[in-house]
$ cat upload.txt   # compact mmCIF, C-alpha atoms
# COMPACT_ATOMS: atom_id res chain seq x y z
CA MET A 1 80.94 109.60 104.77
CA MET A 2 79.60 106.43 103.15
CA ASN A 3 76.88 106.93 100.58
CA ILE A 4 73.93 104.66 99.93
CA GLU A 5 75.54 102.92 96.92
CA GLU A 6 78.68 102.13 98.90
CA PHE A 7 76.52 100.86 101.75
CA ALA A 8 74.65 98.56 99.35
CA ASP A 9 77.93 97.27 97.92
CA CYS A 10 79.29 96.54 101.41
CA LEU A 11 76.09 94.70 102.35
CA ASP A 12 76.43 92.53 99.24
CA ARG A 13 80.10 91.95 99.90
CA TRP A 14 80.11 91.08 103.59
CA GLY A 15 76.48 90.50 104.55
CA SER A 16 74.35 92.11 107.22
CA ASP A 17 76.58 91.30 110.20
CA PHE A 18 78.76 94.37 110.71
CA GLU A 19 81.23 92.28 112.70
CA GLN A 20 82.28 90.66 109.41
CA TRP A 21 83.03 94.05 107.84
CA PRO A 22 86.44 95.74 107.77
CA ALA A 23 86.74 98.32 110.58
CA LEU A 24 86.68 101.40 108.34
CA GLN A 25 83.52 100.39 106.47
CA LYS A 26 81.89 99.18 109.69
CA ASP A 27 82.30 102.59 111.34
CA SER A 28 81.13 104.44 108.24
CA ALA A 29 78.04 102.24 107.98
CA ARG A 30 77.20 102.77 111.65
CA ASN A 31 77.59 106.51 111.16
CA LEU A 32 75.33 106.39 108.14
CA LEU A 33 72.62 104.54 110.04
CA ALA A 34 72.99 106.78 113.11
CA THR A 35 72.71 109.89 110.95
CA SER A 36 69.71 108.33 109.29
CA LYS A 37 68.05 107.77 112.64
CA ARG A 38 68.67 111.35 113.73
CA ALA A 39 67.34 112.71 110.43
CA GLY A 40 64.21 110.63 110.91
CA ALA A 41 61.97 109.53 108.08
CA LYS A 42 62.42 112.73 106.13
CA ARG A 43 65.42 111.54 104.21
CA ALA A 44 64.66 108.95 101.56
CA GLY A 45 68.27 107.81 101.57
CA ALA A 46 68.12 107.11 105.28
CA ARG A 47 65.01 104.98 104.94
CA ARG A 48 66.54 103.12 102.03
CA ALA A 49 69.65 102.25 104.04
CA ALA A 50 67.56 100.78 106.84
CA GLU A 51 65.45 98.83 104.34
CA MET A 52 68.53 97.47 102.63
CA LEU A 53 69.95 96.34 105.95
CA ALA A 54 66.69 94.59 106.80
CA GLU A 55 66.62 92.83 103.41
CA ALA A 56 70.23 91.74 103.82
CA ARG A 57 69.40 90.35 107.28
CA ARG A 58 66.50 88.35 105.89
CA LEU A 59 68.70 86.92 103.15
CA ASP A 60 71.34 86.03 105.75
CA ASP A 61 68.65 84.35 107.87
CA LEU A 62 67.62 82.22 104.90
CA LEU A 63 71.24 81.34 104.19
CA THR A 64 71.77 80.47 107.85
CA ASN A 65 68.77 78.19 107.70
CA LEU A 66 70.24 76.54 104.62
CA GLN A 67 73.57 76.24 106.41
CA ALA A 68 71.90 74.33 109.22
CA ASN A 69 70.56 71.89 106.62
CA ALA A 70 73.96 71.68 104.93
CA ALA A 71 75.65 70.82 108.23
CA GLU A 72 73.39 67.80 108.53
CA HIS A 73 74.16 66.56 105.05
CA ARG A 74 75.27 62.94 105.00
CA ALA A 75 76.91 61.09 102.14
CA PRO A 76 74.93 58.02 101.04
CA MET A 77 75.46 54.80 102.94
CA GLY A 78 77.93 52.62 101.13
CA LEU A 79 79.80 55.42 99.37
CA GLN A 80 82.71 55.15 101.78
CA ARG A 81 82.95 51.40 101.26
CA SER A 82 82.70 51.86 97.51
CA ILE A 83 85.63 54.29 97.55
CA LEU A 84 87.73 51.97 99.71
CA GLU A 85 87.04 49.09 97.33
CA GLN A 86 88.33 51.14 94.41
CA LEU A 87 91.75 51.76 95.93
CA PRO A 88 94.46 50.31 93.70
CA PRO A 89 96.43 47.38 95.18
CA HIS A 90 99.71 48.10 96.95
CA ASP A 91 102.46 48.56 94.33
CA PRO A 92 105.96 49.48 95.61
CA LEU A 93 107.08 50.60 92.14
CA GLN A 94 104.14 52.97 91.88
CA ASN A 95 104.88 54.24 95.38
CA ALA A 96 108.45 54.99 94.35
CA LEU A 97 107.24 56.79 91.23
CA ASP A 98 104.74 58.80 93.27
CA TRP A 99 107.46 59.74 95.73
CA PHE A 100 109.79 60.78 92.92
CA SER A 101 107.12 62.81 91.21
CA ALA A 102 106.22 64.52 94.46
CA ALA A 103 109.66 65.10 95.97
CA LEU A 104 112.29 65.09 93.26
CA TRP A 105 110.88 66.52 90.09
CA ARG A 106 111.71 70.13 90.93
CA PRO A 107 115.42 69.59 91.77
CA ALA A 108 115.74 67.20 88.82
CA LEU A 109 114.22 69.77 86.47
CA ALA A 110 116.49 72.50 87.85
CA ALA A 111 119.60 70.32 87.31
CA ALA A 112 118.51 69.43 83.78
CA CYS A 113 117.90 73.09 82.92
CA THR A 114 121.33 74.09 84.25
CA LEU A 115 123.00 71.37 82.18
CA LEU A 116 121.14 72.36 79.05
CA LEU A 117 121.97 76.02 79.55
CA GLY A 118 125.68 75.23 80.01
CA PHE A 119 125.70 73.04 76.92
CA ALA A 120 123.89 75.66 74.85
CA LEU A 121 126.29 78.42 75.94
CA GLY A 122 129.31 76.22 75.18
CA VAL A 123 128.08 75.31 71.73
CA SER A 124 127.00 78.82 70.78
CA ALA A 125 130.17 80.65 71.98
CA PRO A 126 132.04 82.18 68.94
CA LEU A 127 135.24 80.38 67.95
CA ALA A 128 138.41 82.40 67.44
CA THR A 129 138.96 82.20 63.68
CA ASP A 130 141.30 85.16 63.27
CA ASP A 131 144.57 83.70 61.92
CA ALA A 132 146.73 86.53 63.31
CA MET A 133 145.31 86.00 66.76
CA LEU A 134 145.85 82.26 66.49
CA ASN A 135 149.49 82.90 65.55
CA ASP A 136 149.95 85.17 68.55
CA VAL A 137 148.51 82.57 70.85
CA SER A 138 150.73 79.90 69.31
CA MET A 139 153.78 82.12 69.89
CA LEU A 140 152.83 82.55 73.47
CA ALA A 141 152.59 78.80 73.82
CA PHE A 142 155.82 77.85 72.16
CA SER A 143 158.12 80.88 72.71
CA THR A 144 159.81 81.33 76.00
CA THR A 145 161.35 84.84 75.86
CA TYR A 146 160.31 88.29 74.84
CA GLU A 147 163.16 88.48 72.34
CA GLU A 148 161.98 85.42 70.51
CA LEU A 149 158.55 86.92 70.29
CA SER A 150 160.00 90.20 68.95
CA ASP A 151 162.06 88.32 66.35
CA ALA A 152 159.04 86.43 65.27
CA ASP A 153 157.14 89.66 64.81
CA GLN A 154 159.86 91.09 62.57
CA MET B 1 106.25 48.85 134.65
CA ALA B 2 102.76 47.77 133.64
CA CYS B 3 102.37 44.02 133.67
CA GLY B 4 98.59 43.51 133.40
CA PRO B 5 97.09 41.83 130.33
CA ASP B 6 96.34 44.10 127.39
CA THR B 7 92.73 43.45 126.44
CA SER B 8 92.58 45.62 123.33
CA THR B 9 93.08 43.97 119.96
CA PRO B 10 95.51 45.43 117.42
CA ALA B 11 92.54 46.45 115.23
CA ASP B 12 90.96 48.39 118.09
CA THR B 13 94.23 50.11 118.78
CA THR B 14 94.58 51.14 115.14
CA ALA B 15 91.01 52.41 114.95
CA ASP B 16 91.43 54.38 118.14
CA SER B 17 94.72 55.87 117.10
CA VAL B 18 93.37 56.85 113.68
CA ALA B 19 90.42 58.60 115.30
CA GLU B 20 92.77 60.55 117.53
CA LEU B 21 95.17 61.60 114.80
CA SER B 22 95.24 65.18 113.63
CA ASP B 23 94.39 65.85 110.00
CA ASP B 24 98.05 66.45 109.20
CA ARG B 25 99.14 63.14 110.71
CA LEU B 26 96.28 61.36 108.99
CA ILE B 27 97.22 62.59 105.53
CA ALA B 28 100.89 61.80 106.23
CA ARG B 29 99.88 58.20 106.92
CA VAL B 30 97.69 58.14 103.83
CA ALA B 31 100.78 59.24 101.87
CA GLU B 32 102.45 56.10 103.26
CA ARG B 33 99.58 54.08 101.78
CA ASP B 34 97.91 53.35 105.13
CA GLN B 35 94.39 52.22 104.29
CA GLU B 36 93.20 52.50 107.91
CA ALA B 37 94.22 56.13 107.91
CA PHE B 38 92.47 56.64 104.57
CA ALA B 39 89.29 55.14 105.98
CA GLY B 40 89.61 57.52 108.94
CA LEU B 41 90.04 60.45 106.58
CA LEU B 42 86.96 59.39 104.64
CA GLY B 43 84.94 59.12 107.84
CA ARG B 44 86.01 62.61 108.83
CA HIS B 45 85.62 64.49 105.53
CA LEU B 46 83.37 62.55 103.14
CA ASP B 47 80.10 64.14 104.34
CA ALA B 48 81.42 67.68 103.95
CA ILE B 49 82.89 67.05 100.50
CA HIS B 50 79.79 65.23 99.32
CA GLY B 51 77.61 68.07 100.65
CA TYR B 52 79.74 70.65 98.86
CA LEU B 53 79.59 68.77 95.58
CA TYR B 54 75.86 68.23 95.97
CA ARG B 55 75.32 71.97 96.49
CA LEU B 56 77.45 72.72 93.44
CA THR B 57 76.00 70.17 91.06
CA GLY B 58 72.49 69.83 92.42
CA SER B 59 72.63 66.13 91.62
CA GLN B 60 73.06 63.24 94.02
CA ALA B 61 74.57 60.99 91.35
CA ASP B 62 77.09 63.63 90.26
CA ALA B 63 77.99 64.31 93.89
CA ASP B 64 78.58 60.57 94.44
CA ASP B 65 80.79 60.24 91.36
CA LEU B 66 82.78 63.37 92.05
CA SER B 67 83.25 62.44 95.72
CA GLN B 68 84.68 59.08 94.65
CA GLU B 69 86.96 60.77 92.17
CA THR B 70 88.05 63.35 94.75
CA PHE B 71 89.08 60.78 97.35
CA LEU B 72 90.78 58.52 94.83
CA ARG B 73 92.74 61.58 93.74
CA VAL B 74 93.59 62.19 97.41
CA TRP B 75 94.87 58.61 97.72
CA GLN B 76 97.11 59.10 94.69
CA LYS B 77 98.32 62.61 95.54
CA ALA B 78 98.49 62.52 99.34
CA SER B 79 102.27 62.94 99.23
CA THR B 80 101.88 66.31 97.49
CA PHE B 81 99.95 67.82 100.43
CA LYS B 82 102.08 70.57 101.96
CA GLN B 83 101.53 70.48 105.71
CA GLY B 84 101.22 73.83 107.39
CA ARG B 85 100.51 75.69 104.20
CA VAL B 86 96.75 75.04 104.08
CA LYS B 87 94.27 73.08 106.19
CA LEU B 88 93.48 69.59 104.95
CA SER B 89 89.79 70.46 104.51
CA THR B 90 90.78 73.42 102.30
CA TRP B 91 92.95 71.15 100.17
CA LEU B 92 90.21 68.53 99.86
CA HIS B 93 87.65 71.15 98.85
CA ARG B 94 90.07 72.51 96.30
CA ILE B 95 90.49 69.09 94.69
CA ALA B 96 86.71 68.57 94.72
CA HIS B 97 86.14 72.02 93.25
CA ASN B 98 88.65 71.52 90.44
CA LEU B 99 87.16 68.16 89.53
CA CYS B 100 83.71 69.70 89.56
CA VAL B 101 84.77 72.57 87.30
CA ASP B 102 86.36 70.06 84.90
CA GLU B 103 83.07 68.22 84.84
CA PHE B 104 81.16 71.45 84.23
CA ARG B 105 83.39 72.15 81.25
CA LYS B 106 83.00 68.65 79.86
CA ARG B 107 79.24 68.59 79.92
CA ARG B 108 77.56 71.90 80.51
CA PRO B 109 75.12 72.22 82.12
CA ILE B 110 75.81 69.54 84.71
CA GLY B 111 72.96 68.13 86.78
CA GLU B 112 70.21 70.57 85.87
CA VAL B 113 68.45 70.74 89.16
CA GLU B 114 64.77 70.88 89.74
CA PRO B 115 63.85 73.26 92.55
CA ASP B 116 61.84 70.62 94.38
CA GLN B 117 64.69 68.12 94.26
CA LEU B 118 66.93 70.18 96.52
CA ALA B 119 64.06 71.45 98.61
CA ALA B 120 63.12 67.90 99.51
CA SER B 121 66.64 66.93 100.41
CA ASN B 122 66.24 67.63 104.10
CA PRO B 123 62.57 67.38 104.88
CA GLY B 124 61.36 68.26 108.33
CA GLN B 125 64.15 70.69 109.12
CA GLU B 126 62.30 73.90 108.40
CA THR B 127 59.57 75.18 110.58
CA GLY B 128 56.64 76.82 108.90
CA LEU B 129 55.44 76.65 105.34
CA ALA B 130 56.67 80.14 104.47
CA LEU B 131 60.20 79.38 105.60
CA GLN B 132 60.09 76.09 103.75
CA GLN B 133 59.01 77.84 100.57
CA SER B 134 61.64 80.54 100.97
CA THR B 135 64.34 77.95 101.56
CA ALA B 136 63.19 75.95 98.55
CA GLN B 137 63.29 79.05 96.42
CA LEU B 138 66.71 79.98 97.79
CA LYS B 139 68.06 76.57 96.85
CA ALA B 140 66.64 76.92 93.36
CA ALA B 141 68.07 80.43 93.05
CA LEU B 142 71.42 79.14 94.25
CA GLN B 143 71.45 76.61 91.43
CA GLY B 144 70.66 79.39 88.97
CA LEU B 145 73.82 81.30 89.87
CA PRO B 146 76.89 81.07 87.65
CA GLU B 147 79.26 78.35 88.84
CA SER B 148 81.90 80.70 90.26
CA GLN B 149 79.37 82.74 92.26
CA ARG B 150 77.66 79.60 93.52
CA SER B 151 80.98 78.09 94.62
CA ALA B 152 81.93 81.25 96.48
CA LEU B 153 78.62 81.47 98.29
CA VAL B 154 78.46 77.76 99.12
CA LEU B 155 82.00 77.76 100.50
CA CYS B 156 81.52 80.87 102.65
CA GLN B 157 77.91 80.51 103.71
CA LEU B 158 77.28 76.78 103.80
CA GLN B 159 80.66 75.09 104.24
CA GLY B 160 81.82 77.61 106.84
CA PHE B 161 85.11 78.67 105.25
CA SER B 162 86.57 82.11 105.81
CA ASN B 163 86.93 84.38 102.80
CA GLN B 164 90.68 83.71 102.79
CA GLU B 165 90.20 79.93 102.77
CA ALA B 166 87.45 80.07 100.14
CA ALA B 167 89.71 82.21 97.94
CA GLU B 168 92.46 79.59 98.30
CA ILE B 169 90.06 76.82 97.31
CA LEU B 170 88.90 78.71 94.24
CA GLY B 171 92.44 79.79 93.38
CA ILE B 172 91.60 83.51 93.35
CA GLY B 173 92.34 86.55 95.49
CA VAL B 174 90.22 87.61 98.44
CA ARG B 175 88.98 90.73 96.67
CA ALA B 176 87.91 88.68 93.65
CA LEU B 177 86.08 86.33 95.99
CA GLU B 178 84.31 89.25 97.67
CA SER B 179 83.22 90.50 94.26
CA LEU B 180 81.80 87.07 93.47
CA LEU B 181 79.97 87.04 96.81
CA ALA B 182 78.58 90.52 96.19
CA ARG B 183 77.26 89.59 92.75
CA ALA B 184 75.81 86.35 94.09
CA ARG B 185 74.00 88.12 96.94
CA ARG B 186 72.69 90.84 94.62
CA ARG B 187 71.30 88.21 92.29
CA LEU B 188 69.77 86.19 95.11
CA LYS B 189 68.13 89.32 96.51
CA ASN B 190 66.60 90.07 93.12
CA GLU B 191 65.33 86.52 92.74
CA LEU B 192 63.98 86.34 96.27
CA CYS B 193 62.62 89.86 96.51
CA GLU B 194 59.12 88.69 97.40
CA HIS B 195 60.49 86.69 100.35
CA ILE B 196 62.91 89.23 101.76
CA SER B 197 61.31 92.60 100.97
$ encode --input "upload.txt" --output "C-alpha cells"
Amino acid sequence: MMNIEEFADCLDRWGSDFEQWPALQKDSARNLLATSKRAGAKRAGARRAAEMLAEARRLDDLLTNLQANAAEHRAPMGLQRSILEQLPPHDPLQNALDWFSAALWRPALAAACTLLLGFALGVSAPLATDDAMLNDVSMLAFSTTYEELSDADQ
Amino acid sequence: MACGPDTSTPADTTADSVAELSDDRLIARVAERDQEAFAGLLGRHLDAIHGYLYRLTGSQADADDLSQETFLRVWQKASTFKQGRVKLSTWLHRIAHNLCVDEFRKRRPIGEVEPDQLAASNPGQETGLALQQSTAQLKAALQGLPESQRSALVLCQLQGFSNQEAAEILGIGVRALESLLARARRRLKNELCEHIS
C-alpha cells in the first residue's frame, strides 16, 4: 500500500494526471485515494493526499496555461533571414572534409590503432639472445640429417 | 503521357517539394548543402527552438544569438545526424541545449530575468487577473530554478517532449530526468503555494 510520502513523490515525478503514471503506482494511488474516501475525514493522511492531488492539479493547470503561451511563441521577424545570410559560401573542399569527418574518422581511427598496436607488439617482443639456442637453430638451418646434428652435438 | 504546359516555375516546385519533405529527407538535403532545404528546416523548427532557448535563458537577445548559433551548427553538422535513431526535433533541441549550457558556464548567470519581462511576453492570452498573476509568478519561479531542473520542466511541460525524448536531449537517463522533474515541481509548489493551496 502506498504511503503519503510515496504519493507525494509520485505526484512530483509524474504530475496530477494518473494516466502519465506507471501502472503499479497508478493503481496504488487510486487505492490510497479510495481508502481515504471510505475512511472519510477522520484520517489526516487521507485528507492530506486529496489536498496534495488538488495542489498538483492546480500547478499542472498553470503549466498547461504556460504551455499554451509557449506554443504560440514566434521567433523575431528577420531572424530566419539573418541566419540564412550567415551561411558560409559553398566550398567543395570543406564539404569533402565534413564528409570525411562524419563518415570516415571511426574506421580510419580503428585502422590506425591496429597498425600502432601491431608495431608496438613487434618492437617490444623479446629477441632470442641465448647463444646455445641460436646455435641449435643454425644447425637446423644448415644440417640436413640427424646424424650430422648428433655429431655436431658431440 | 501528359502534354499540357507546366505552369509552375522551378522555384515554386522547389518550395512545394521542400514543404512536403519529411524531417529526415530535409536534413539529408541540408547535409548536401541545399539552402532551400535549410530554409525549409528553419521555417519548420526555428520558432520551437527559439521558444525553448527563450524559456531557458529568459532573454530575447540570448535566445536570438543562441538560435543563430544552433542553426549554423546544424548547417555544419547536418551530415552527422543519424536518421532513425532520434527525431530531428530532439536532435535540434539537444544542440540548442548544449550551446545554452556552454553559455551558462561561460557567463553565469545568463540573462537574469525580471519577472515582468516574461510575464509580458504574451499579453492578452490569459483570462482573468488572478490567472495572469499566477502565470507571471510561475514564469518567474521557473527562471529561479537551477538550469537542469528548468530544462527538464521546459522540455516536458512546455515543448511537449516525452520523458524519454527529454532525457535524450539532456543526455541523462529517464530516472534522472524524473528526479529533476520532481525537484522542480516541489520547488515550484513551494514558491507558488499562495496560488495553488
$ interface_residues --input "upload.txt" --of "chain B" --to "chain A" --cutoff "8 Å" --atoms "all atoms listed in the file" --output "PyMOL selection string"
chain B and resi 33+39+42-43+46-48+50-51+64+68+71-72+75-77+79-80+122+125-126+131+134-135+138+157-159+178-179+181-183+185-186+189+196-197
$ atom_distance --input "upload.txt" --atom1 "CA of Leu192 (chain B)" --atom2 "CA of Asp17 (chain A)"
19.4 Å
$ residues_around --input "upload.txt" --residues "Ala78 (chain B)" --least-positions-apart "6" --cutoff "7 Å" --atoms "all atoms listed in the file" --output "MDAnalysis selection string"
chainID B and resid 27 30:31
$ atom_distance --input "upload.txt" --atom1 "CA of Leu53 (chain B)" --atom2 "CA of Glu103 (chain B)"
11.3 Å
$ residues_near_point --input "upload.txt" --point "(95.9, 79.7, 106.4)" --cutoff "12 Å" --atoms "all atoms listed in the file" --output "list in words"
Lys82, Gln83, Gly84, Arg85, Val86, Lys87, Leu88, Ser89, Thr90, Trp91, Phe161, Ser162, Asn163, Gln164, Glu165, Ala166, Ala167, Glu168 and Ile169 of chain B
$ atom_distance --input "upload.txt" --atom1 "CA of Phe38 (chain B)" --atom2 "CA of Leu26 (chain B)"
7.5 Å
$ residues_around --input "upload.txt" --residues "Met2 (chain A)" --least-positions-apart "4" --cutoff "12 Å" --atoms "only C-alpha atoms" --output "list in words"
Glu6, Phe7, Ala8, Asp9, Cys10, Leu24, Gln25, Lys26, Asp27, Ser28, Ala29, Arg30, Asn31, Leu32, Leu33, Ala34, Thr35, Ser36, Gly45, Ala46 and Ala49 of chain A
$ axis_aligned_box --input "upload.txt" --around "region 60-77 of chain A" --padding-each-side "4 Å" --output "AutoDock Vina command-line options"
--center_x 72.3 --center_y 70.4 --center_z 105.1 --size_x 17.3 --size_y 39.2 --size_z 16.2
$ residues_around --input "upload.txt" --residues "Asn98 (chain B)" --least-positions-apart "3" --cutoff "12 Å" --atoms "only C-alpha atoms" --output "ChimeraX atom specification"
/B:53,56,66-67,69-70,73,91-95,101-105,147-148,151,168-171
$ write_last_selection --input "upload.txt" --atoms "C-alpha atoms" --output "PDB file, keeping the file's coordinate frame"
ATOM      1  CA  LEU B  53      79.590  68.770  95.580  1.00  0.00           C
ATOM      2  CA  LEU B  56      77.450  72.720  93.440  1.00  0.00           C
ATOM      3  CA  LEU B  66      82.780  63.370  92.050  1.00  0.00           C
ATOM      4  CA  SER B  67      83.250  62.440  95.720  1.00  0.00           C
ATOM      5  CA  GLU B  69      86.960  60.770  92.170  1.00  0.00           C
ATOM      6  CA  THR B  70      88.050  63.350  94.750  1.00  0.00           C
ATOM      7  CA  ARG B  73      92.740  61.580  93.740  1.00  0.00           C
ATOM      8  CA  TRP B  91      92.950  71.150 100.170  1.00  0.00           C
ATOM      9  CA  LEU B  92      90.210  68.530  99.860  1.00  0.00           C
ATOM     10  CA  HIS B  93      87.650  71.150  98.850  1.00  0.00           C
ATOM     11  CA  ARG B  94      90.070  72.510  96.300  1.00  0.00           C
ATOM     12  CA  ILE B  95      90.490  69.090  94.690  1.00  0.00           C
ATOM     13  CA  VAL B 101      84.770  72.570  87.300  1.00  0.00           C
ATOM     14  CA  ASP B 102      86.360  70.060  84.900  1.00  0.00           C
ATOM     15  CA  GLU B 103      83.070  68.220  84.840  1.00  0.00           C
ATOM     16  CA  PHE B 104      81.160  71.450  84.230  1.00  0.00           C
ATOM     17  CA  ARG B 105      83.390  72.150  81.250  1.00  0.00           C
ATOM     18  CA  GLU B 147      79.260  78.350  88.840  1.00  0.00           C
ATOM     19  CA  SER B 148      81.900  80.700  90.260  1.00  0.00           C
ATOM     20  CA  SER B 151      80.980  78.090  94.620  1.00  0.00           C
ATOM     21  CA  GLU B 168      92.460  79.590  98.300  1.00  0.00           C
ATOM     22  CA  ILE B 169      90.060  76.820  97.310  1.00  0.00           C
ATOM     23  CA  LEU B 170      88.900  78.710  94.240  1.00  0.00           C
ATOM     24  CA  GLY B 171      92.440  79.790  93.380  1.00  0.00           C
TER      25      GLY B 171
END
